[in-house]
>>> print(open('query_11.cif').read())   # mmCIF, C-alpha atoms and all ligand atoms
data_work
loop_
_atom_site.label_atom_id
_atom_site.label_comp_id
_atom_site.auth_asym_id
_atom_site.auth_seq_id
_atom_site.Cartn_x
_atom_site.Cartn_y
_atom_site.Cartn_z
CA MET A 1 -23.58 133.38 64.71
CA LYS A 2 -22.15 136.78 65.54
CA ILE A 3 -18.54 137.62 64.70
CA ALA A 4 -16.34 140.53 65.77
CA VAL A 5 -13.76 141.91 63.35
CA VAL A 6 -11.04 143.73 65.29
CA GLY A 7 -9.16 146.41 63.33
CA LEU A 8 -11.08 147.78 60.35
CA GLY A 9 -8.16 148.67 58.10
CA VAL A 10 -7.43 147.17 54.67
CA MET A 11 -7.98 143.55 55.72
CA GLY A 12 -10.61 144.21 58.39
CA ARG A 13 -12.91 145.87 55.90
CA LEU A 14 -12.56 142.84 53.58
CA HIS A 15 -13.14 140.36 56.40
CA ALA A 16 -16.24 142.21 57.57
CA ARG A 17 -17.70 142.44 54.08
CA VAL A 18 -17.03 138.81 53.19
CA LEU A 19 -18.33 137.56 56.56
CA LEU A 20 -21.56 139.51 56.07
CA GLY A 21 -22.08 137.42 52.93
CA GLU A 22 -21.76 134.09 54.77
CA PRO A 23 -25.20 132.51 55.32
CA ALA A 24 -24.29 131.22 58.81
CA VAL A 25 -23.28 134.70 59.99
CA GLU A 26 -26.20 136.68 61.42
CA SER A 27 -24.23 139.81 62.20
CA VAL A 28 -20.78 141.33 62.31
CA VAL A 29 -19.60 143.89 64.85
CA GLY A 30 -16.46 145.91 64.23
CA VAL A 31 -13.84 147.08 66.73
CA GLU A 32 -11.80 150.09 65.67
CA THR A 33 -9.97 152.80 67.62
CA ASP A 34 -9.79 155.36 64.81
CA PRO A 35 -13.16 157.22 64.97
CA ALA A 36 -13.06 158.37 61.33
CA ARG A 37 -12.39 154.84 60.10
CA ALA A 38 -15.06 153.44 62.40
CA ALA A 39 -17.66 155.86 61.01
CA GLU A 40 -16.63 155.13 57.42
CA ILE A 41 -16.92 151.34 57.75
CA SER A 42 -20.10 151.55 59.80
CA ALA A 43 -21.73 153.65 57.08
CA GLU A 44 -20.38 151.50 54.24
CA LEU A 45 -21.28 148.08 55.65
CA GLY A 46 -24.08 148.95 58.07
CA VAL A 47 -22.32 147.32 61.02
CA ALA A 48 -22.04 148.53 64.62
CA VAL A 49 -18.49 149.52 65.53
CA ARG A 50 -17.15 149.69 69.09
CA GLU A 51 -13.89 150.92 70.55
CA THR A 52 -12.63 147.88 72.48
CA LEU A 53 -12.68 144.12 72.14
CA ASP A 54 -13.71 143.77 75.81
CA GLU A 55 -17.04 145.46 75.05
CA VAL A 56 -18.02 143.00 72.30
CA LEU A 57 -16.68 139.70 73.67
CA PRO A 58 -19.80 138.85 75.71
CA GLU A 59 -22.03 139.09 72.62
CA VAL A 60 -19.99 137.25 69.94
CA ASP A 61 -19.25 133.62 69.09
CA ALA A 62 -16.01 134.23 67.23
CA VAL A 63 -13.41 136.92 66.60
CA SER A 64 -11.35 137.80 63.55
CA VAL A 65 -8.17 139.71 64.41
CA THR A 66 -7.12 142.02 61.59
CA LEU A 67 -4.95 144.35 63.66
CA PRO A 68 -1.33 145.27 62.89
CA ASP A 69 0.93 142.29 63.64
CA ASP A 70 2.29 143.54 66.97
CA LEU A 71 -1.26 143.81 68.38
CA HIS A 72 -2.26 140.22 67.51
CA VAL A 73 -0.97 138.64 70.72
CA ALA A 74 -3.05 140.74 73.14
CA ALA A 75 -6.31 140.53 71.17
CA ALA A 76 -6.02 136.83 70.28
CA THR A 77 -5.11 135.83 73.83
CA LEU A 78 -8.03 137.80 75.27
CA ALA A 79 -10.55 136.29 72.84
CA LEU A 80 -9.28 132.71 73.22
CA THR A 81 -9.28 132.99 77.01
CA ALA A 82 -12.93 134.09 76.76
CA GLY A 83 -13.63 130.79 74.96
CA LYS A 84 -14.12 132.21 71.46
CA TYR A 85 -13.03 130.74 68.15
CA VAL A 86 -10.38 133.11 66.81
CA LEU A 87 -9.03 133.77 63.33
CA VAL A 88 -5.79 135.77 63.27
CA GLU A 89 -4.45 137.36 60.10
CA LYS A 90 -0.95 136.28 59.11
CA PRO A 91 1.62 136.40 60.60
CA LEU A 92 0.19 134.90 63.79
CA ALA A 93 2.46 137.25 65.80
CA THR A 94 5.77 139.08 65.49
CA SER A 95 7.78 136.42 67.35
CA ALA A 96 7.63 132.70 68.04
CA VAL A 97 7.43 133.50 71.76
CA ASP A 98 4.24 135.54 71.19
CA CYS A 99 2.83 132.76 68.98
CA GLU A 100 3.41 130.28 71.79
CA ALA A 101 1.59 132.59 74.22
CA ILE A 102 -1.41 132.70 71.86
CA LEU A 103 -1.40 128.92 71.45
CA ALA A 104 -1.28 128.47 75.22
CA ALA A 105 -4.44 130.60 75.58
CA GLN A 106 -6.56 128.09 73.63
CA PRO A 107 -8.93 126.43 76.09
CA LEU A 108 -9.33 123.57 73.59
CA PRO A 109 -7.14 122.66 70.60
CA GLY A 110 -8.38 123.65 67.15
CA ARG A 111 -9.98 126.97 68.15
CA LEU A 112 -7.26 129.18 66.70
CA MET A 113 -7.02 129.62 62.93
CA VAL A 114 -4.30 131.57 61.12
CA GLY A 115 -5.13 133.47 57.93
CA HIS A 116 -2.72 131.75 55.59
CA LEU A 117 -4.86 132.76 52.64
CA LEU A 118 -2.87 131.02 49.91
CA ARG A 119 -3.89 127.62 51.25
CA PHE A 120 -7.32 128.53 49.87
CA ASP A 121 -6.09 129.34 46.35
CA GLU A 122 -7.61 126.65 44.12
CA ARG A 123 -4.46 126.36 42.01
CA LEU A 124 -2.30 125.69 45.04
CA ARG A 125 -4.85 123.22 46.41
CA GLU A 126 -4.70 121.37 43.10
CA LEU A 127 -0.91 121.44 43.19
CA LYS A 128 -0.88 120.06 46.75
CA ARG A 129 -3.28 117.26 45.77
CA ARG A 130 -0.92 116.24 42.97
CA ILE A 131 2.24 116.46 45.07
CA ASP A 132 0.56 114.37 47.77
CA ALA A 133 -0.52 111.83 45.13
CA GLY A 134 3.13 111.49 44.11
CA GLU A 135 2.58 112.77 40.56
CA LEU A 136 5.75 114.89 40.63
CA GLY A 137 7.81 112.10 42.19
CA ARG A 138 10.40 112.93 44.80
CA LEU A 139 10.72 116.71 45.09
CA ARG A 140 14.19 118.13 44.52
CA TYR A 141 13.84 121.91 44.28
CA LEU A 142 11.23 124.64 44.79
CA ARG A 143 11.53 128.26 43.74
CA ILE A 144 9.08 130.65 45.33
CA HIS A 145 8.83 134.42 45.10
CA ARG A 146 6.50 137.21 46.13
CA VAL A 147 7.08 140.83 45.18
CA ASN A 148 4.83 143.81 45.91
CA THR A 149 4.92 147.43 44.79
CA ARG A 150 6.37 150.31 46.76
CA THR A 151 2.80 151.20 47.68
CA THR A 152 2.83 148.24 50.09
CA ALA A 153 6.26 149.29 51.33
CA ASP A 154 4.92 152.80 52.02
CA ARG A 155 2.26 151.28 54.28
CA ILE A 156 4.17 148.47 55.94
CA ALA A 157 7.99 148.86 55.72
CA ALA A 158 8.22 150.95 58.89
CA ARG A 159 6.60 148.20 60.95
CA ALA A 160 7.76 144.84 59.49
CA SER A 161 10.42 143.18 57.38
CA VAL A 162 9.44 142.03 53.91
CA THR A 163 9.92 138.45 55.11
CA ALA A 164 7.48 138.91 58.00
CA PHE A 165 4.85 140.57 55.79
CA LEU A 166 5.21 138.79 52.42
CA GLY A 167 7.66 135.91 52.97
CA VAL A 168 5.52 134.39 55.73
CA HIS A 169 2.97 133.46 53.03
CA ASP A 170 5.66 131.62 51.08
CA LEU A 171 7.27 129.97 54.08
CA ASP A 172 3.88 128.59 55.08
CA LEU A 173 3.37 127.38 51.50
CA LEU A 174 6.71 125.56 51.58
CA HIS A 175 5.69 123.76 54.77
CA TRP A 176 2.20 122.96 53.52
CA LEU A 177 3.09 121.86 49.99
CA THR A 178 6.04 119.68 50.96
CA GLY A 179 5.00 118.53 54.44
CA GLN A 180 8.60 119.22 55.46
CA ASP A 181 10.11 121.52 58.07
CA ILE A 182 12.66 124.13 57.05
CA THR A 183 15.81 123.09 58.90
CA SER A 184 18.32 125.79 57.90
CA ALA A 185 18.61 128.98 55.89
CA ALA A 186 21.29 131.06 54.20
CA ALA A 187 20.10 134.52 53.24
CA ALA A 188 21.07 138.01 52.15
CA GLY A 189 19.01 141.13 52.76
CA ARG A 190 19.05 144.84 51.99
CA ARG A 191 17.44 147.73 53.83
CA VAL A 192 16.01 150.40 51.56
CA PHE A 193 13.22 152.16 53.45
CA GLY A 194 14.02 151.81 57.15
CA SER A 195 15.31 149.50 59.80
CA TYR A 196 13.93 146.21 58.43
CA SER A 197 15.05 144.20 55.41
CA ASP A 198 13.15 145.23 52.26
CA VAL A 199 14.85 142.81 49.86
CA THR A 200 15.54 139.26 51.01
CA VAL A 201 16.80 136.27 49.07
CA ALA A 202 17.17 132.99 50.94
CA THR A 203 18.13 129.41 50.21
CA LEU A 204 16.38 126.97 52.48
CA ASP A 205 17.07 123.34 53.38
CA LEU A 206 14.02 121.19 53.99
CA ALA A 207 14.18 118.23 56.36
CA ASP A 208 14.18 115.63 53.56
CA GLY A 209 17.06 117.32 51.68
CA THR A 210 14.90 119.27 49.21
CA LEU A 211 16.32 122.70 48.39
CA ALA A 212 14.21 125.87 48.11
CA LEU A 213 14.87 129.42 46.94
CA LEU A 214 12.81 132.27 48.39
CA GLU A 215 12.77 135.83 47.06
CA ASN A 216 10.80 138.71 48.59
CA HIS A 217 10.87 142.47 48.07
CA TRP A 218 8.58 145.45 47.59
CA LEU A 219 10.50 147.45 45.01
CA LEU A 220 8.07 147.03 42.10
CA HIS A 221 7.10 150.41 40.64
CA PRO A 222 3.60 151.46 41.79
CA SER A 223 2.52 151.97 38.18
CA SER A 224 3.18 148.34 37.30
CA ALA A 225 0.18 146.58 35.80
CA ARG A 226 0.67 143.85 38.41
CA SER A 227 0.39 144.83 42.07
CA CYS A 228 1.92 141.50 43.00
CA LEU A 229 4.51 139.45 41.17
CA ALA A 230 4.52 135.99 42.66
CA GLY A 231 4.89 132.35 41.85
CA VAL A 232 5.80 128.84 42.85
CA GLN A 233 7.84 126.41 40.79
CA VAL A 234 8.22 122.81 41.91
CA PHE A 235 10.67 120.36 40.36
CA GLY A 236 10.46 116.65 41.14
CA ASP A 237 11.90 113.49 39.62
CA ASP A 238 8.68 112.80 37.65
CA GLY A 239 7.29 116.23 36.92
CA SER A 240 7.32 120.00 37.30
CA ALA A 241 4.65 122.47 38.35
CA LEU A 242 4.72 126.16 37.50
CA VAL A 243 2.21 128.41 39.19
CA ASP A 244 2.35 132.05 38.22
CA LEU A 245 0.41 133.66 41.06
CA SER A 246 0.28 136.94 39.11
CA THR A 247 -2.09 135.18 36.68
CA ASP A 248 -4.98 132.69 36.85
CA GLU A 249 -2.99 129.84 35.34
CA LEU A 250 -1.69 126.57 36.68
CA GLU A 251 0.81 124.90 34.39
CA LEU A 252 1.42 121.26 35.23
CA ILE A 253 3.59 119.06 33.10
CA THR A 254 3.91 115.38 33.95
CA GLU A 255 4.60 112.34 31.81
CA ALA A 256 0.91 111.42 32.05
CA GLU A 257 -0.47 114.87 31.33
CA ARG A 258 1.38 117.50 29.34
CA ARG A 259 -0.87 120.50 29.50
CA SER A 260 -1.60 123.82 31.06
CA VAL A 261 -4.90 124.57 32.76
CA ARG A 262 -6.61 127.80 33.72
CA ILE A 263 -8.24 127.93 37.11
CA ASP A 264 -10.14 131.05 38.03
CA SER A 265 -8.47 132.32 41.16
CA ARG A 266 -7.99 135.60 42.98
CA ASN A 267 -7.09 136.46 46.55
CA TRP A 268 -10.08 138.75 46.97
CA THR A 269 -11.99 141.42 45.16
CA HIS A 270 -12.59 145.04 46.12
CA ASP A 271 -15.87 144.96 44.21
CA PRO A 272 -18.54 145.36 46.93
CA GLN A 273 -21.01 143.43 44.77
CA VAL A 274 -18.82 140.35 44.63
CA SER A 275 -17.81 138.33 47.64
CA GLY A 276 -15.19 136.09 46.15
CA GLY A 277 -11.73 134.70 46.04
CA SER A 278 -9.50 132.75 48.37
CA LEU A 279 -10.46 135.02 51.27
CA ARG A 280 -14.09 133.91 50.94
CA ARG A 281 -13.03 130.25 51.04
CA GLU A 282 -10.79 130.94 54.05
CA LEU A 283 -13.54 132.74 55.98
CA ALA A 284 -16.15 130.13 54.99
CA SER A 285 -13.84 127.46 56.39
CA PHE A 286 -13.52 129.39 59.67
CA VAL A 287 -17.28 129.99 59.92
CA ASN A 288 -17.90 126.29 59.28
CA ALA A 289 -15.53 125.31 62.12
CA VAL A 290 -17.37 127.69 64.48
CA ALA A 291 -20.82 126.47 63.36
CA THR A 292 -19.92 122.80 63.75
CA GLN A 293 -17.61 123.29 66.77
CA THR A 294 -14.88 121.36 64.96
CA PRO A 295 -11.14 122.11 64.60
CA VAL A 296 -10.10 124.89 62.20
CA GLU A 297 -8.36 124.11 58.91
CA VAL A 298 -5.12 126.11 59.41
CA SER A 299 -3.93 125.66 62.97
CA GLY A 300 -2.09 127.87 65.42
CA GLU A 301 0.78 125.38 65.16
CA ASP A 302 0.92 126.09 61.39
CA GLY A 303 1.13 129.81 62.19
CA LEU A 304 3.89 129.24 64.75
CA ARG A 305 5.88 127.13 62.27
CA ALA A 306 5.71 129.93 59.67
CA VAL A 307 6.85 132.57 62.19
CA ARG A 308 9.75 130.33 63.29
CA ALA A 309 10.78 130.13 59.61
CA VAL A 310 10.56 133.94 59.32
CA GLU A 311 12.89 134.22 62.32
CA LEU A 312 15.30 131.72 60.73
CA VAL A 313 15.46 133.76 57.49
CA GLU A 314 15.68 137.12 59.28
CA ALA A 315 18.57 135.85 61.44
CA ALA A 316 20.41 134.61 58.34
CA ALA A 317 19.88 137.82 56.34
CA THR A 318 22.31 140.48 57.49
CA ALA A 319 20.34 143.33 55.83
CA PRO A 320 22.89 146.13 55.44
CA GLU A 321 21.59 149.37 53.98
CA GLY A 322 21.60 149.21 50.16
CA ALA A 323 24.49 151.01 48.46
N1 LIG B 401 -3.72 137.77 54.08
C1 LIG B 401 -3.14 138.74 53.41
O1 LIG B 401 -2.81 138.60 52.25
C2 LIG B 401 -2.87 140.05 54.12
C3 LIG B 401 -2.71 141.22 53.37
C4 LIG B 401 -2.49 142.41 54.06
C5 LIG B 401 -2.39 142.41 55.45
N2 LIG B 401 -2.51 141.26 56.13
C6 LIG B 401 -2.43 141.23 57.61
O2 LIG B 401 -3.62 141.79 58.13
C7 LIG B 401 -3.33 142.48 59.36
C8 LIG B 401 -3.87 143.90 59.23
O3 LIG B 401 -3.15 144.55 58.20
P1 LIG B 401 -3.79 145.80 57.44
O4 LIG B 401 -2.91 146.01 56.27
O5 LIG B 401 -5.24 145.60 57.26
O6 LIG B 401 -3.52 146.95 58.53
P2 LIG B 401 -4.19 148.40 58.60
O7 LIG B 401 -3.16 149.27 59.24
O8 LIG B 401 -4.76 148.77 57.28
O9 LIG B 401 -5.42 148.19 59.61
C9 LIG B 401 -5.27 148.05 61.00
C10 LIG B 401 -6.50 148.72 61.66
O10 LIG B 401 -6.48 148.44 63.06
C11 LIG B 401 -6.87 149.62 63.75
N3 LIG B 401 -6.41 149.53 65.13
C12 LIG B 401 -5.16 149.75 65.61
N4 LIG B 401 -5.12 149.49 66.95
C13 LIG B 401 -6.36 149.06 67.29
C14 LIG B 401 -6.92 148.59 68.51
N5 LIG B 401 -6.20 148.50 69.63
N6 LIG B 401 -8.22 148.22 68.51
C15 LIG B 401 -8.97 148.29 67.37
N7 LIG B 401 -8.48 148.74 66.18
C16 LIG B 401 -7.19 149.10 66.14
C17 LIG B 401 -6.23 150.74 62.96
O11 LIG B 401 -6.84 152.00 63.24
C18 LIG B 401 -6.48 150.25 61.53
O12 LIG B 401 -7.73 150.70 61.03
C19 LIG B 401 -1.83 142.39 59.56
O13 LIG B 401 -1.54 141.33 60.43
C20 LIG B 401 -1.29 142.07 58.18
O14 LIG B 401 -0.08 141.36 58.17
C21 LIG B 401 -2.79 140.08 55.50
#
>>> encode(input="query_11.cif", output="structure tokens", more="lines below")
Ligand SMILES: NC(=O)c1ccc[n+]([C@@H]2O[C@H](COP(=O)([O-])OP(=O)(O)OC[C@H]3O[C@@H](n4cnc5c(N)ncnc54)[C@H](O)[C@@H]3O)[C@@H](O)[C@H]2O)c1
Amino acid sequence: MKIAVVGLGVMGRLHARVLLGEPAVESVVGVETDPARAAEISAELGVAVRETLDEVLPEVDAVSVTLPDDLHVAAATLALTAGKYVLVEKPLATSAVDCEAILAAQPLPGRLMVGHLLRFDERLRELKRRIDAGELGRLRYLRIHRVNTRTTADRIAARASVTAFLGVHDLDLLHWLTGQDITSAAAAGRRVFGSYSDVTVATLDLADGTLALLENHWLLHPSSARSCLAGVQVFGDDGSALVDLSTDELELITEAERRSVRIDSRNWTHDPQVSGGSLRRELASFVNAVATQTPVEVSGEDGLRAVRAVELVEAAATAPEGA
């Protein structure tokens, strides 16, 4: 199959490189409006790069949208209307209204996948299997956090809140791990770099009464050894699970099994020789859906639910400028 990757920035380059390593993918064509970036990626990956999505649609089977968030709606709608399978990087769009417009453009259900990468982290898949099997008993409380360095803030803070960029990962995880909707939020935020909240702490009520705490910011010093400080802690009546997403460890303690296991896991690698990590599993899942003409693994509805939760948290966080 032939796949277009639209927007060859940080994520687009990774998508193109990983897709080129998928056996079912014959070729990748890039779409990029910045001529210098287009030339750089074309030379690096040996792919053709065009200026507009319209030009490539007739020749591709599927499209991966790795544009800035506010450009997702136009590109995804165009590609879905043309009958293509479409993968959209998270968040699906910048508002629930735009997400609904994208969903409505699907000619058939199951054609639109959202890049909620963490669902492809082996540790979190293991954790979900165990929660679903009832090993932790009834869940009572989840603590989830995701912190990036100021380097990310330098790139993103002018165009999105920390909840829309980082928190959307965690809000999707809460939905996916618990199977519950988030029904209400109380939150506090602080603006540091611009007009969006850069520090947000929220308490969330899930539909079954479970409580969750969410913390997101991008204030970590750029020289920190960890570019991302993140984790999930789950506390149930019969067990606890502690996943430090800054490491490769999954610590699970239940009455039946009191141990800690190491699972090799990374989001992606910048090593051009290695095509690995959760991003490879995510893209392989998308390619498989296209090849078999079956529904994608992370649906547009999942993406909409996460964006609705972002809106709930953003509305609850007042985000005054930090003192
Ligand atoms: N899954 C993850 O963990 C993760 C991590 C980072 C970013 N993202 C998401 O990936 C998406 C892209 O983010 P990024 O950090 O790669 O952005 P980026 O700014 O690095 O890249 C965007 C690229 O799109 C190009 N572009 C802009 N308008 C265009 C147009 N009309 N047609 C073609 N190209 C155009 C830009 O020139 C740029 O090269 C965002 O939705 C972001 O939230 C996901």
>>> residues_around(input="query_11.cif", residues="range 293-298 of chain A", least_positions_apart="2", cutoff="10 Å", atoms="all atoms listed in the file", output="VMD selection string")
chain A and resid 85 to 87 108 to 117 119 176 282 285 to 291 300 to 303
>>> write_last_selection(input="query_11.cif", atoms="C-alpha atoms", output="JSON list (two decimals), in the frame of the given file")
[["chain", "number", "residue", "atom", "x", "y", "z"],
["A", 85, "TYR", "CA", -13.03, 130.74, 68.15],
["A", 86, "VAL", "CA", -10.38, 133.11, 66.81],
["A", 87, "LEU", "CA", -9.03, 133.77, 63.33],
["A", 108, "LEU", "CA", -9.33, 123.57, 73.59],
["A", 109, "PRO", "CA", -7.14, 122.66, 70.60],
["A", 110, "GLY", "CA", -8.38, 123.65, 67.15],
["A", 111, "ARG", "CA", -9.98, 126.97, 68.15],
["A", 112, "LEU", "CA", -7.26, 129.18, 66.70],
["A", 113, "MET", "CA", -7.02, 129.62, 62.93],
["A", 114, "VAL", "CA", -4.30, 131.57, 61.12],
["A", 115, "GLY", "CA", -5.13, 133.47, 57.93],
["A", 116, "HIS", "CA", -2.72, 131.75, 55.59],
["A", 117, "LEU", "CA", -4.86, 132.76, 52.64],
["A", 119, "ARG", "CA", -3.89, 127.62, 51.25],
["A", 176, "TRP", "CA", 2.20, 122.96, 53.52],
["A", 282, "GLU", "CA", -10.79, 130.94, 54.05],
["A", 285, "SER", "CA", -13.84, 127.46, 56.39],
["A", 286, "PHE", "CA", -13.52, 129.39, 59.67],
["A", 287, "VAL", "CA", -17.28, 129.99, 59.92],
["A", 288, "ASN", "CA", -17.90, 126.29, 59.28],
["A", 289, "ALA", "CA", -15.53, 125.31, 62.12],
["A", 290, "VAL", "CA", -17.37, 127.69, 64.48],
["A", 291, "ALA", "CA", -20.82, 126.47, 63.36],
["A", 300, "GLY", "CA", -2.09, 127.87, 65.42],
["A", 301, "GLU", "CA", 0.78, 125.38, 65.16],
["A", 302, "ASP", "CA", 0.92, 126.09, 61.39],
["A", 303, "GLY", "CA", 1.13, 129.81, 62.19]]
>>> residues_near_ligand(input="query_11.cif", ligand="ligand LIG 401 (chain B)", cutoff="8 Å", atoms="all atoms listed in the file", output="ChimeraX atom specification")
/A:6-13,31-34,37-38,51-53,65-72,88-93,115-118,155-156,164-165,169,267,279
>>> closest_residue(input="query_11.cif", among="A:Ala284, A:Tyr141, A:Val60, A:Thr81", to="Leu19 in chain A", atoms="all atoms listed in the file")
A:Ala284
>>> atom_distance(input="query_11.cif", atom1="CA of Lys84 in chain A", atom2="CA of Asp61 in chain A")
5.8 Å
>>> closest_residue(input="query_11.cif", among="A:Arg150, A:His145, A:Arg17, A:Arg226", to="Thr163 in chain A", atoms="only C-alpha atoms")
A:His145
>>> closest_residue(input="query_11.cif", among="A:Thr152, A:Ser278, A:Thr183, A:Thr200", to="Asn216 in chain A", atoms="only C-alpha atoms")
A:Thr200
>>> closest_residue(input="query_11.cif", among="A:Ser195, A:Gln106, A:Ser224, A:Thr151", to="Ser299 in chain A", atoms="only C-alpha atoms")
A:Gln106
>>> atom_distance(input="query_11.cif", atom1="CA of Asn148 in chain A", atom2="CA of Trp218 in chain A")
4.4 Å
>>> atom_distance(input="query_11.cif", atom1="CA of His217 in chain A", atom2="CA of Asp198 in chain A")
5.5 Å
>>> residues_around(input="query_11.cif", residues="Arg143 in chain A", least_positions_apart="4", cutoff="8 Å", atoms="all atoms listed in the file", output="ChimeraX atom specification")
/A:212-214,232-234
>>> closest_atom_pairs(input="query_11.cif", of="range 15-128 of chain A", to="range 239-248 of chain A", cutoff="8 Å", atoms="all atoms listed in the file", output="Markdown table")
| residue | atom | partner | partner_atom | distance |
| --- | --- | --- | --- | --- |
| A:Arg123 | CA | A:Val243 | CA | 7.5 |
| A:Leu124 | CA | A:Val243 | CA | 7.9 |
| A:Leu127 | CA | A:Ala241 | CA | 7.4 |
>>> closest_residue(input="query_11.cif", among="A:Ala104, A:Leu229, A:Leu206, A:Ala36", to="Ala185 in chain A", atoms="only C-alpha atoms")
A:Leu206
>>> closest_residue(input="query_11.cif", among="A:Ala4, A:Val25, A:Ala225, A:Val313", to="Ala187 in chain A", atoms="all atoms listed in the file")
A:Val313
>>> residues_around(input="query_11.cif", residues="Glu311 in chain A", least_positions_apart="5", cutoff="10 Å", atoms="all atoms listed in the file", output="list in words")
Thr94, Ser95, Ala96, Thr163, Ala164, Val168, Arg305, Ala306, Ala316 and Ala317 of chain A
